[in-house]
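S.K.: Just one file: structure-v7.pdb, with PDB, C-alpha atoms and all ligand atoms.
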```pdb
MODEL        1
ATOM      1  CA  MET Z  25       0.000   0.000   0.000  1.00  0.00           C
ATOM      2  CA  ALA Z  26       2.781   2.381   0.961  1.00  0.00           C
ATOM      3  CA  ILE Z  27       4.470   1.769  -2.389  1.00  0.00           C
ATOM      4  CA  ILE Z  28       1.309   2.602  -4.337  1.00  0.00           C
ATOM      5  CA  ILE Z  29       0.865   5.867  -2.427  1.00  0.00           C
ATOM      6  CA  LEU Z  30       4.484   6.808  -3.100  1.00  0.00           C
ATOM      7  CA  MET Z  31       4.066   6.137  -6.821  1.00  0.00           C
ATOM      8  CA  VAL Z  32       0.974   8.325  -6.984  1.00  0.00           C
ATOM      9  CA  ALA Z  33       2.773  11.085  -5.091  1.00  0.00           C
ATOM     10  CA  SER Z  34       5.742  11.045  -7.468  1.00  0.00           C
ATOM     11  CA  SER Z  35       3.591  10.996 -10.610  1.00  0.00           C
ATOM     12  CA  THR Z  36       1.595  14.036  -9.487  1.00  0.00           C
ATOM     13  CA  GLN Z  37       4.762  16.028  -8.660  1.00  0.00           C
ATOM     14  CA  ALA Z  38       4.856  19.069 -10.935  1.00  0.00           C
ATOM     15  CA  GLN Z  39       7.591  18.722 -13.520  1.00  0.00           C
ATOM     16  CA  THR Z  40      10.385  21.208 -14.031  1.00  0.00           C
ATOM     17  CA  LYS Z  41       9.480  23.968 -16.486  1.00  0.00           C
ATOM     18  CA  VAL Z  42      11.786  25.416 -19.120  1.00  0.00           C
ATOM     19  CA  ILE Z  43      12.678  29.112 -19.328  1.00  0.00           C
ATOM     20  CA  ALA Z  44      14.528  30.313 -22.422  1.00  0.00           C
ATOM     21  CA  HIS Z  45      17.499  32.456 -21.357  1.00  0.00           C
ATOM     22  CA  ARG Z  46      17.345  35.758 -23.298  1.00  0.00           C
ATOM     23  CA  GLY Z  47      14.664  34.136 -25.488  1.00  0.00           C
ATOM     24  CA  ALA Z  48      15.134  31.050 -27.669  1.00  0.00           C
ATOM     25  CA  TRP Z  49      17.862  32.167 -30.065  1.00  0.00           C
ATOM     26  CA  LYS Z  50      20.560  29.540 -30.357  1.00  0.00           C
ATOM     27  CA  THR Z  51      19.278  27.021 -32.908  1.00  0.00           C
ATOM     28  CA  GLN Z  52      17.779  29.721 -35.167  1.00  0.00           C
ATOM     29  CA  ASN Z  53      20.738  32.099 -34.817  1.00  0.00           C
ATOM     30  CA  LEU Z  54      18.454  34.918 -33.629  1.00  0.00           C
ATOM     31  CA  PRO Z  55      19.725  37.913 -31.646  1.00  0.00           C
ATOM     32  CA  GLU Z  56      19.468  37.389 -27.885  1.00  0.00           C
ATOM     33  CA  ASN Z  57      16.722  39.466 -26.239  1.00  0.00           C
ATOM     34  CA  SER Z  58      15.152  40.280 -29.610  1.00  0.00           C
ATOM     35  CA  LEU Z  59      11.410  40.108 -30.238  1.00  0.00           C
ATOM     36  CA  ALA Z  60      12.194  37.240 -32.644  1.00  0.00           C
ATOM     37  CA  SER Z  61      13.818  35.231 -29.820  1.00  0.00           C
ATOM     38  CA  LEU Z  62      10.807  35.873 -27.581  1.00  0.00           C
ATOM     39  CA  ASN Z  63       8.440  34.711 -30.329  1.00  0.00           C
ATOM     40  CA  HIS Z  64      10.525  31.600 -30.935  1.00  0.00           C
ATOM     41  CA  ALA Z  65      10.523  30.712 -27.227  1.00  0.00           C
ATOM     42  CA  SER Z  66       6.755  30.816 -27.373  1.00  0.00           C
ATOM     43  CA  GLU Z  67       6.599  28.816 -30.642  1.00  0.00           C
ATOM     44  CA  ILE Z  68       8.604  25.913 -29.226  1.00  0.00           C
ATOM     45  CA  GLY Z  69       6.500  25.825 -26.060  1.00  0.00           C
ATOM     46  CA  CYS Z  70       8.809  27.249 -23.393  1.00  0.00           C
ATOM     47  CA  TYR Z  71       7.073  27.958 -20.103  1.00  0.00           C
ATOM     48  CA  GLY Z  72       8.802  31.322 -19.971  1.00  0.00           C
ATOM     49  CA  SER Z  73      11.164  33.631 -21.801  1.00  0.00           C
ATOM     50  CA  GLU Z  74      13.739  35.610 -19.854  1.00  0.00           C
ATOM     51  CA  PHE Z  75      14.979  39.092 -20.819  1.00  0.00           C
ATOM     52  CA  ASP Z  76      17.077  41.918 -19.359  1.00  0.00           C
ATOM     53  CA  VAL Z  77      16.011  45.521 -18.798  1.00  0.00           C
ATOM     54  CA  HIS Z  78      18.223  48.631 -18.635  1.00  0.00           C
ATOM     55  CA  LEU Z  79      17.436  52.328 -18.297  1.00  0.00           C
ATOM     56  CA  THR Z  80      18.807  54.799 -20.846  1.00  0.00           C
ATOM     57  CA  LYS Z  81      20.201  58.238 -19.985  1.00  0.00           C
ATOM     58  CA  ASP Z  82      16.850  59.774 -20.994  1.00  0.00           C
ATOM     59  CA  ASP Z  83      14.854  57.321 -18.872  1.00  0.00           C
ATOM     60  CA  ILE Z  84      13.628  54.854 -21.474  1.00  0.00           C
ATOM     61  CA  LEU Z  85      13.539  51.177 -20.467  1.00  0.00           C
ATOM     62  CA  VAL Z  86      15.140  48.959 -23.112  1.00  0.00           C
ATOM     63  CA  VAL Z  87      15.731  45.223 -23.463  1.00  0.00           C
ATOM     64  CA  ASN Z  88      19.292  43.951 -23.972  1.00  0.00           C
ATOM     65  CA  HIS Z  89      21.688  41.745 -22.057  1.00  0.00           C
ATOM     66  CA  ASP Z  90      25.004  43.589 -22.187  1.00  0.00           C
ATOM     67  CA  LYS Z  91      25.592  47.065 -20.811  1.00  0.00           C
ATOM     68  CA  ASP Z  92      26.191  48.161 -24.395  1.00  0.00           C
ATOM     69  CA  PHE Z  93      24.185  47.746 -27.576  1.00  0.00           C
ATOM     70  CA  TYR Z  94      26.693  47.083 -30.366  1.00  0.00           C
ATOM     71  CA  GLY Z  95      29.247  49.380 -28.735  1.00  0.00           C
ATOM     72  CA  ILE Z  96      26.894  52.074 -27.391  1.00  0.00           C
ATOM     73  CA  ASP Z  97      26.856  52.247 -23.575  1.00  0.00           C
ATOM     74  CA  ILE Z  98      23.130  52.048 -22.801  1.00  0.00           C
ATOM     75  CA  GLU Z  99      23.065  53.916 -19.482  1.00  0.00           C
ATOM     76  CA  HIS Z 100      25.059  56.812 -20.926  1.00  0.00           C
ATOM     77  CA  ALA Z 101      23.171  56.995 -24.210  1.00  0.00           C
ATOM     78  CA  THR Z 102      19.795  58.350 -25.234  1.00  0.00           C
ATOM     79  CA  TYR Z 103      17.225  56.050 -26.771  1.00  0.00           C
ATOM     80  CA  GLN Z 104      17.629  57.908 -30.095  1.00  0.00           C
ATOM     81  CA  GLU Z 105      21.371  57.180 -30.032  1.00  0.00           C
ATOM     82  CA  LEU Z 106      20.651  53.473 -29.520  1.00  0.00           C
ATOM     83  CA  LEU Z 107      18.401  53.510 -32.580  1.00  0.00           C
ATOM     84  CA  THR Z 108      21.468  54.167 -34.777  1.00  0.00           C
ATOM     85  CA  LYS Z 109      22.384  50.462 -34.343  1.00  0.00           C
ATOM     86  CA  LYS Z 110      20.354  47.397 -35.257  1.00  0.00           C
ATOM     87  CA  HIS Z 111      20.410  43.681 -34.501  1.00  0.00           C
ATOM     88  CA  PRO Z 112      21.612  41.566 -37.468  1.00  0.00           C
ATOM     89  CA  ASN Z 113      17.978  40.536 -38.131  1.00  0.00           C
ATOM     90  CA  GLY Z 114      17.018  44.189 -38.659  1.00  0.00           C
ATOM     91  CA  GLU Z 115      15.328  44.768 -35.293  1.00  0.00           C
ATOM     92  CA  SER Z 116      16.100  47.861 -33.248  1.00  0.00           C
ATOM     93  CA  ILE Z 117      16.703  47.534 -29.524  1.00  0.00           C
ATOM     94  CA  PRO Z 118      13.239  46.815 -28.093  1.00  0.00           C
ATOM     95  CA  THR Z 119      11.813  49.204 -25.524  1.00  0.00           C
ATOM     96  CA  LEU Z 120      10.329  47.375 -22.536  1.00  0.00           C
ATOM     97  CA  GLU Z 121       6.898  48.529 -23.687  1.00  0.00           C
ATOM     98  CA  GLU Z 122       7.387  47.043 -27.168  1.00  0.00           C
ATOM     99  CA  TYR Z 123       8.709  43.836 -25.654  1.00  0.00           C
ATOM    100  CA  LEU Z 124       5.822  43.456 -23.215  1.00  0.00           C
ATOM    101  CA  LYS Z 125       3.270  44.199 -25.936  1.00  0.00           C
ATOM    102  CA  GLU Z 126       4.808  41.426 -28.062  1.00  0.00           C
ATOM    103  CA  GLY Z 127       4.752  39.107 -25.043  1.00  0.00           C
ATOM    104  CA  LYS Z 128       1.117  39.929 -24.407  1.00  0.00           C
ATOM    105  CA  LYS Z 129       0.298  38.181 -27.713  1.00  0.00           C
ATOM    106  CA  HIS Z 130       1.638  34.938 -26.225  1.00  0.00           C
ATOM    107  CA  LYS Z 131      -0.617  34.467 -23.232  1.00  0.00           C
ATOM    108  CA  LYS Z 132       0.850  31.050 -22.392  1.00  0.00           C
ATOM    109  CA  THR Z 133       4.432  32.301 -22.228  1.00  0.00           C
ATOM    110  CA  ARG Z 134       5.523  33.805 -18.944  1.00  0.00           C
ATOM    111  CA  LEU Z 135       7.696  36.871 -19.246  1.00  0.00           C
ATOM    112  CA  ILE Z 136      10.665  36.667 -16.909  1.00  0.00           C
ATOM    113  CA  LEU Z 137      11.800  40.261 -16.448  1.00  0.00           C
ATOM    114  CA  GLU Z 138      15.344  40.747 -15.158  1.00  0.00           C
ATOM    115  CA  ILE Z 139      15.934  44.180 -13.652  1.00  0.00           C
ATOM    116  CA  LYS Z 140      19.536  45.034 -14.478  1.00  0.00           C
ATOM    117  CA  THR Z 141      21.645  46.641 -11.772  1.00  0.00           C
ATOM    118  CA  SER Z 142      22.712  50.168 -12.740  1.00  0.00           C
ATOM    119  CA  ILE Z 143      26.427  50.810 -13.120  1.00  0.00           C
ATOM    120  CA  ILE Z 144      25.747  54.448 -12.172  1.00  0.00           C
ATOM    121  CA  SER Z 145      23.993  54.231  -8.797  1.00  0.00           C
ATOM    122  CA  LYS Z 146      21.664  52.386  -6.421  1.00  0.00           C
ATOM    123  CA  GLU Z 147      19.093  55.160  -7.005  1.00  0.00           C
ATOM    124  CA  ARG Z 148      19.177  54.426 -10.716  1.00  0.00           C
ATOM    125  CA  THR Z 149      18.649  50.681 -10.054  1.00  0.00           C
ATOM    126  CA  LEU Z 150      15.629  51.457  -7.878  1.00  0.00           C
ATOM    127  CA  GLN Z 151      14.286  53.887 -10.472  1.00  0.00           C
ATOM    128  CA  THR Z 152      14.605  51.138 -13.106  1.00  0.00           C
ATOM    129  CA  THR Z 153      12.712  48.804 -10.747  1.00  0.00           C
ATOM    130  CA  GLU Z 154       9.892  51.243 -10.129  1.00  0.00           C
ATOM    131  CA  MET Z 155       9.547  52.008 -13.834  1.00  0.00           C
ATOM    132  CA  CYS Z 156       9.489  48.278 -14.720  1.00  0.00           C
ATOM    133  CA  VAL Z 157       6.664  47.570 -12.248  1.00  0.00           C
ATOM    134  CA  ASP Z 158       4.766  50.620 -13.555  1.00  0.00           C
ATOM    135  CA  ALA Z 159       5.150  49.464 -17.184  1.00  0.00           C
ATOM    136  CA  VAL Z 160       3.846  45.994 -16.324  1.00  0.00           C
ATOM    137  CA  LYS Z 161       0.863  47.445 -14.448  1.00  0.00           C
ATOM    138  CA  LYS Z 162       0.085  49.898 -17.259  1.00  0.00           C
ATOM    139  CA  LEU Z 163      -0.213  47.001 -19.720  1.00  0.00           C
ATOM    140  CA  LYS Z 164      -2.138  44.899 -17.169  1.00  0.00           C
ATOM    141  CA  LEU Z 165       0.438  42.147 -17.379  1.00  0.00           C
ATOM    142  CA  GLN Z 166       0.873  41.512 -13.638  1.00  0.00           C
ATOM    143  CA  LYS Z 167      -0.286  37.912 -13.995  1.00  0.00           C
ATOM    144  CA  GLN Z 168       2.083  37.116 -16.881  1.00  0.00           C
ATOM    145  CA  VAL Z 169       5.287  38.741 -15.626  1.00  0.00           C
ATOM    146  CA  ASP Z 170       7.731  37.427 -13.003  1.00  0.00           C
ATOM    147  CA  TYR Z 171      10.685  39.486 -11.808  1.00  0.00           C
ATOM    148  CA  ILE Z 172      14.294  38.488 -11.192  1.00  0.00           C
ATOM    149  CA  CYS Z 173      17.198  40.651 -10.033  1.00  0.00           C
ATOM    150  CA  PHE Z 174      20.775  40.621  -8.732  1.00  0.00           C
ATOM    151  CA  ASP Z 175      20.237  43.731  -6.597  1.00  0.00           C
ATOM    152  CA  TYR Z 176      18.644  42.565  -3.343  1.00  0.00           C
ATOM    153  CA  ASP Z 177      16.924  45.915  -2.681  1.00  0.00           C
ATOM    154  CA  ALA Z 178      15.393  45.898  -6.168  1.00  0.00           C
ATOM    155  CA  GLY Z 179      13.514  42.677  -5.382  1.00  0.00           C
ATOM    156  CA  LYS Z 180      12.355  44.022  -2.035  1.00  0.00           C
ATOM    157  CA  LEU Z 181      11.026  47.090  -3.852  1.00  0.00           C
ATOM    158  CA  VAL Z 182       9.157  44.926  -6.397  1.00  0.00           C
ATOM    159  CA  HIS Z 183       7.464  43.150  -3.493  1.00  0.00           C
ATOM    160  CA  LYS Z 184       6.503  46.482  -1.927  1.00  0.00           C
ATOM    161  CA  LEU Z 185       5.106  47.879  -5.190  1.00  0.00           C
ATOM    162  CA  ASP Z 186       3.270  44.698  -6.225  1.00  0.00           C
ATOM    163  CA  PRO Z 187       2.901  42.311  -3.275  1.00  0.00           C
ATOM    164  CA  LYS Z 188       1.311  39.628  -5.476  1.00  0.00           C
ATOM    165  CA  ALA Z 189       4.235  39.536  -7.924  1.00  0.00           C
ATOM    166  CA  ASP Z 190       6.605  36.597  -8.088  1.00  0.00           C
ATOM    167  CA  VAL Z 191      10.148  37.821  -7.567  1.00  0.00           C
ATOM    168  CA  ALA Z 192      13.288  35.716  -7.397  1.00  0.00           C
ATOM    169  CA  TYR Z 193      16.775  36.690  -6.292  1.00  0.00           C
ATOM    170  CA  LEU Z 194      19.696  35.895  -8.592  1.00  0.00           C
ATOM    171  CA  ASN Z 195      22.910  36.561  -6.719  1.00  0.00           C
ATOM    172  CA  GLY Z 196      23.233  33.299  -4.790  1.00  0.00           C
ATOM    173  CA  ASP Z 197      24.434  34.801  -1.505  1.00  0.00           C
ATOM    174  CA  VAL Z 198      21.231  34.734   0.564  1.00  0.00           C
ATOM    175  CA  ASP Z 199      19.740  31.676   2.284  1.00  0.00           C
ATOM    176  CA  PRO Z 200      16.112  30.664   1.717  1.00  0.00           C
ATOM    177  CA  ALA Z 201      14.767  31.874   5.095  1.00  0.00           C
ATOM    178  CA  LYS Z 202      16.142  35.395   4.695  1.00  0.00           C
ATOM    179  CA  ALA Z 203      14.908  35.736   1.109  1.00  0.00           C
ATOM    180  CA  LYS Z 204      11.449  34.598   2.168  1.00  0.00           C
ATOM    181  CA  ALA Z 205      11.383  37.059   5.094  1.00  0.00           C
ATOM    182  CA  ASP Z 206      12.218  39.906   2.714  1.00  0.00           C
ATOM    183  CA  GLY Z 207       9.323  39.181   0.379  1.00  0.00           C
ATOM    184  CA  TYR Z 208      11.007  37.059  -2.259  1.00  0.00           C
ATOM    185  CA  THR Z 209       8.933  34.199  -3.678  1.00  0.00           C
ATOM    186  CA  GLY Z 210      11.839  32.289  -5.186  1.00  0.00           C
ATOM    187  CA  LEU Z 211      15.564  31.730  -5.499  1.00  0.00           C
ATOM    188  CA  ASP Z 212      17.023  31.817  -9.013  1.00  0.00           C
ATOM    189  CA  TYR Z 213      20.671  30.930  -8.478  1.00  0.00           C
ATOM    190  CA  HIS Z 214      23.542  29.722 -10.611  1.00  0.00           C
ATOM    191  CA  PHE Z 215      23.367  25.909 -10.482  1.00  0.00           C
ATOM    192  CA  SER Z 216      26.766  25.750  -8.737  1.00  0.00           C
ATOM    193  CA  VAL Z 217      25.257  27.553  -5.707  1.00  0.00           C
ATOM    194  CA  PHE Z 218      22.920  24.616  -5.077  1.00  0.00           C
ATOM    195  CA  LYS Z 219      25.925  22.266  -5.166  1.00  0.00           C
ATOM    196  CA  LYS Z 220      27.759  24.362  -2.583  1.00  0.00           C
ATOM    197  CA  ASN Z 221      24.599  24.593  -0.429  1.00  0.00           C
ATOM    198  CA  PRO Z 222      23.011  21.173  -0.903  1.00  0.00           C
ATOM    199  CA  THR Z 223      20.219  21.763   1.653  1.00  0.00           C
ATOM    200  CA  TRP Z 224      18.885  24.977   0.093  1.00  0.00           C
ATOM    201  CA  ILE Z 225      16.503  23.434  -2.473  1.00  0.00           C
ATOM    202  CA  GLU Z 226      14.721  21.403   0.186  1.00  0.00           C
ATOM    203  CA  GLU Z 227      14.754  24.271   2.686  1.00  0.00           C
ATOM    204  CA  ALA Z 228      13.313  26.652   0.097  1.00  0.00           C
ATOM    205  CA  HIS Z 229      10.562  24.221  -0.900  1.00  0.00           C
ATOM    206  CA  HIS Z 230       9.708  23.647   2.752  1.00  0.00           C
ATOM    207  CA  ILE Z 231       8.925  27.356   3.249  1.00  0.00           C
ATOM    208  CA  GLY Z 232       7.162  27.737  -0.102  1.00  0.00           C
ATOM    209  CA  LEU Z 233       9.872  29.355  -2.232  1.00  0.00           C
ATOM    210  CA  THR Z 234      10.316  28.246  -5.832  1.00  0.00           C
ATOM    211  CA  ILE Z 235      13.692  27.252  -7.264  1.00  0.00           C
ATOM    212  CA  ASN Z 236      15.060  28.295 -10.627  1.00  0.00           C
ATOM    213  CA  ALA Z 237      18.639  27.602 -11.762  1.00  0.00           C
ATOM    214  CA  TRP Z 238      20.719  29.390 -14.411  1.00  0.00           C
ATOM    215  CA  THR Z 239      22.195  28.926 -16.948  1.00  0.00           C
ATOM    216  CA  VAL Z 240      21.951  25.185 -17.370  1.00  0.00           C
ATOM    217  CA  ASP Z 241      23.051  23.963 -20.802  1.00  0.00           C
ATOM    218  CA  ASP Z 242      24.587  20.610 -19.893  1.00  0.00           C
ATOM    219  CA  ALA Z 243      22.262  17.582 -20.056  1.00  0.00           C
ATOM    220  CA  ALA Z 244      23.745  15.912 -16.939  1.00  0.00           C
ATOM    221  CA  GLU Z 245      23.348  19.122 -14.894  1.00  0.00           C
ATOM    222  CA  MET Z 246      19.790  19.471 -16.182  1.00  0.00           C
ATOM    223  CA  ALA Z 247      18.967  15.891 -15.143  1.00  0.00           C
ATOM    224  CA  ASN Z 248      20.501  16.417 -11.702  1.00  0.00           C
ATOM    225  CA  LEU Z 249      18.336  19.491 -11.052  1.00  0.00           C
ATOM    226  CA  ILE Z 250      15.177  17.912 -12.467  1.00  0.00           C
ATOM    227  CA  GLN Z 251      15.697  14.994 -10.081  1.00  0.00           C
ATOM    228  CA  GLN Z 252      15.785  17.514  -7.234  1.00  0.00           C
ATOM    229  CA  LYS Z 253      12.372  18.727  -8.429  1.00  0.00           C
ATOM    230  CA  ILE Z 254      13.264  22.331  -9.045  1.00  0.00           C
ATOM    231  CA  GLU Z 255      10.379  24.335 -10.518  1.00  0.00           C
ATOM    232  CA  PHE Z 256      12.268  26.106 -13.298  1.00  0.00           C
ATOM    233  CA  LEU Z 257      15.366  25.623 -15.365  1.00  0.00           C
ATOM    234  CA  THR Z 258      16.806  28.583 -17.278  1.00  0.00           C
ATOM    235  CA  THR Z 259      18.783  27.552 -20.343  1.00  0.00           C
ATOM    236  CA  ASN Z 260      20.260  28.685 -23.653  1.00  0.00           C
ATOM    237  CA  GLU Z 261      19.216  25.285 -25.004  1.00  0.00           C
ATOM    238  CA  PRO Z 262      15.484  24.830 -24.339  1.00  0.00           C
ATOM    239  CA  GLU Z 263      15.139  22.086 -26.973  1.00  0.00           C
ATOM    240  CA  LYS Z 264      17.750  20.027 -25.103  1.00  0.00           C
ATOM    241  CA  ALA Z 265      15.968  20.661 -21.782  1.00  0.00           C
ATOM    242  CA  PHE Z 266      12.692  19.342 -23.243  1.00  0.00           C
ATOM    243  CA  GLU Z 267      14.498  16.133 -24.238  1.00  0.00           C
ATOM    244  CA  VAL Z 268      16.067  15.691 -20.799  1.00  0.00           C
ATOM    245  CA  ILE Z 269      12.727  16.272 -19.061  1.00  0.00           C
ATOM    246  CA  LYS Z 270      11.147  13.664 -21.344  1.00  0.00           C
ATOM    247  CA  ALA Z 271      13.930  11.174 -20.609  1.00  0.00           C
ATOM    248  CA  GLU Z 272      13.667  11.750 -16.845  1.00  0.00           C
ATOM    249  CA  LYS Z 273       9.904  11.296 -16.990  1.00  0.00           C
ATOM    250  CA  SER Z 274      10.225   7.996 -18.839  1.00  0.00           C
ATOM    251  CA  LYS Z 275      12.526   6.679 -16.073  1.00  0.00           C
ATOM    252  CA  LYS Z 276       9.687   6.851 -13.561  1.00  0.00           C
TER     253      LYS Z 276
HETATM  254 MG    MG Z 301      19.367  37.851 -17.589  1.00  0.00          MG
ENDMDL
END
```
Translate this file's structure into structure tokens.
Ligand code: MG
M.R.:
Amino acid sequence: MAIIILMVASSTQAQTKVIAHRGAWKTQNLPENSLASLNHASEIGCYGSEFDVHLTKDDILVVNHDKDFYGIDIEHATYQELLTKKHPNGESIPTLEEYLKEGKKHKKTRLILEIKTSIISKERTLQTTEMCVDAVKKLKLQKQVDYICFDYDAGKLVHKLDPKADVAYLNGDVDPAKAKADGYTGLDYHFSVFKKNPTWIEEAHHIGLTINAWTVDDAAEMANLIQQKIEFLTTNEPEKAFEVIKAEKSKK
């Protein structure tokens, strides 16, 4: 009897969901963080698509990973200056508003918004945070957007501005209990952090925090994390993650 109950419990366990890191770009050679990579993440059935948000000198939120867009330093440039460069596929740097509007077309794809830490000041990071939450509210996307950030205070501010929002901390230096106490709903750490702190996944789950791990591109690492029942896996190779999840499922 005990065995049957255990089998039922394990088969109803939610499976790990795949988040495309900077969109799904690798197999199609699309620019990272482009609208095309967001659309492709949705097309191939990713649970979510992650992207990075910076604030320009003239206070426009834009989506890009690096601090520069093809050589132009984003925080020290105006939006108009950034428009002088284009991605190889012809897209301009997306504003956050353009990106969210595109995401809104894909209701089943969660939008994982990373608030980038300002290189100028803490105030600028918090301004970016406030403007991101405002932009999401303005487009009524609160239920489709989750936040992630390296700046601990940025996540605390997200929680204050939108207490129902899911927000996960990225920097790997805070234990589950503290993150929970400060309003975080999840930990999104580099996968090596969970190896160094092998009790954290269980501790986090016990107090109701979700676990995401970045950036997991190796099949063996993916399998290891899936076996630990983490909620989300952030990867540059979502197609590979789907295969590993399928293989792990068939083992049961
Ligand atoms: Mg990111």
S.K.: Give as JSON, numbers by chain the residues surrounding ligand MG 301 (chain Z) up to a distance of 8 Å, considering only C-alpha atoms and all ligand atoms.
M.R.: {"Z": [45, 46, 74, 75, 76, 89, 138, 140]}
S.K.: Using all atoms listed in the file, find the one residue out of Z:Leu62, Z:Ile139, Z:Ile68, Z:Ala247 that sits nearest to Z:Tyr193.
M.R.: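 Distance minimum relative to Z:Tyr193 lands on Z:Ile139.
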S.K.: Neighbouring residues of Z:Thr152 were defined as those with any atom within 9 Å, considering all atoms listed in the file; residues of the same chain fewer than 3 positions away were excluded. Please report them as an NGL selection string.
M.R.: :Z and (77-79 or 83 or 85 or 139-142 or 147-149 or 155-157 or 178)
S.K.: Which value, in Å to one decimal, gives the distance between atom CA of Z:Ala265 and atom CA of Z:Val42?
M.R.: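 One can read the atom CA of Z:Ala265 to atom CA of Z:Val42 distance as 6.9 Å.
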S.K.: Show me, as a VMD selection string, the residues that have an atom within 12 Å of Z:Lys202 when counting all atoms listed in the file, minus same-chain residues fewer than 6 positions from it.
M.R.: chain Z and resid 176 180 193 208 to 211 224 227 to 228 231 233
S.K.: List the residues sitting within 9 Å of (22.1, 52.8, -19.9) in the file's frame, using all atoms listed in the file, as a list of chain:residue names.
M.R.: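 Selection result: Z:His78, Z:Leu79, Z:Thr80, Z:Lys81, Z:Asp82, Z:Asp83, Z:Ile84, Z:Leu85, Z:Val86, Z:Lys91, Z:Asp92, Z:Ile96, Z:Asp97, Z:Ile98, Z:Glu99, Z:His100, Z:Ala101, Z:Thr102, Z:Ser142, Z:Ile143, Z:Ile144.
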S.K.: What does the structure give for the distance between atom CA of Z:Glu121 and atom CA of Z:Glu154, in Å to one decimal?
M.R.: 14.1 Å
S.K.: Taking the file as shown, what set of residues would the PyMOL selection byres (((chain Z and resi 69-71) around 9) and not hetatm) give back, as a list in words?
M.R.: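 Given this file, the PyMOL selection byres (((chain Z and resi 69-71) around 9) and not hetatm) evaluates to Lys41, Val42, Ile43, Ala44, Ala48, His64, Ala65, Ser66, Glu67, Ile68, Gly72, Ser73, Lys132, Thr133, Arg134, Leu135, Phe256, Pro262, Glu263 and Phe266 of chain Z.
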S.K.: Can you measure atom CA of Z:Lys167 to atom CA of Z:Leu120 for me? One decimal in Å is fine.
M.R.: 16.6 Å
S.K.: Write out as a ChimeraX atom specification which residues come within 10 Å of Z:Asn113 when counting only C-alpha atoms, dropping same-chain ones fewer than 4 positions away.
M.R.: /Z:53-55,58,60
S.K.: Might you spell out which residues the PyMOL selection byres (((chain Z and resi 267-272) around 8) and not hetatm) would select in the displayed file, as number ranges by chain?
M.R.: Z: 39-40, 243, 246-247, 250-251, 263-266, 273-276
S.K.: If you count only C-alpha atoms, which residues fall within 6 Å of Z:Pro118, apart from same-chain ones fewer than 4 positions away, as a PyMOL selection string?
M.R.: chain Z and resi 86-87+122-123
S.K.: Taking into account only C-alpha atoms, which residue in the set Z:Ala203, Z:Ala38, Z:Leu59, Z:Leu181 is nearest to Z:Glu255?
M.R.: Z:Ala38
S.K.: Counting all atoms listed in the file, figure out which residue out of Z:Leu163, Z:Val182, Z:Ile235, Z:Leu249 gets nearest to Z:Lys128.
M.R.: Z:Leu163
S.K.: Let me make sure I understand: among Z:Gly179, Z:Pro222, Z:Pro200, Z:Pro112, which one has the smallest atom-to-atom distance to Z:Thr234 if we use only C-alpha atoms?
M.R.: Z:Pro200
S.K.: Which one of Z:Ser145, Z:Thr258, Z:Gln168, Z:Asn221 sits closest to Z:Ala189 if you count only C-alpha atoms?
M.R.: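 Ranked by minimum distance to Z:Ala189, first place goes to Z:Gln168.
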S.K.: So that all listed atoms of stretch 112-123 of chain Z fit with 3 Å spare on each side, what axis-aligned box centre and edge lengths in Å, to one decimal, would you give as JSON?
M.R.:
```
{"center_x": 14.3, "center_y": 44.9, "center_z": -30.6, "size_x": 20.7, "size_y": 14.7, "size_z": 22.1}
```
S.K.: May I ask which of the residues Z:Asp170, Z:Glu56, Z:Glu226, Z:Asp90 is the closest one to Z:Lys253, counting all atoms listed in the file?
M.R.: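 For Z:Lys253, the nearest of the given residues is Z:Glu226.
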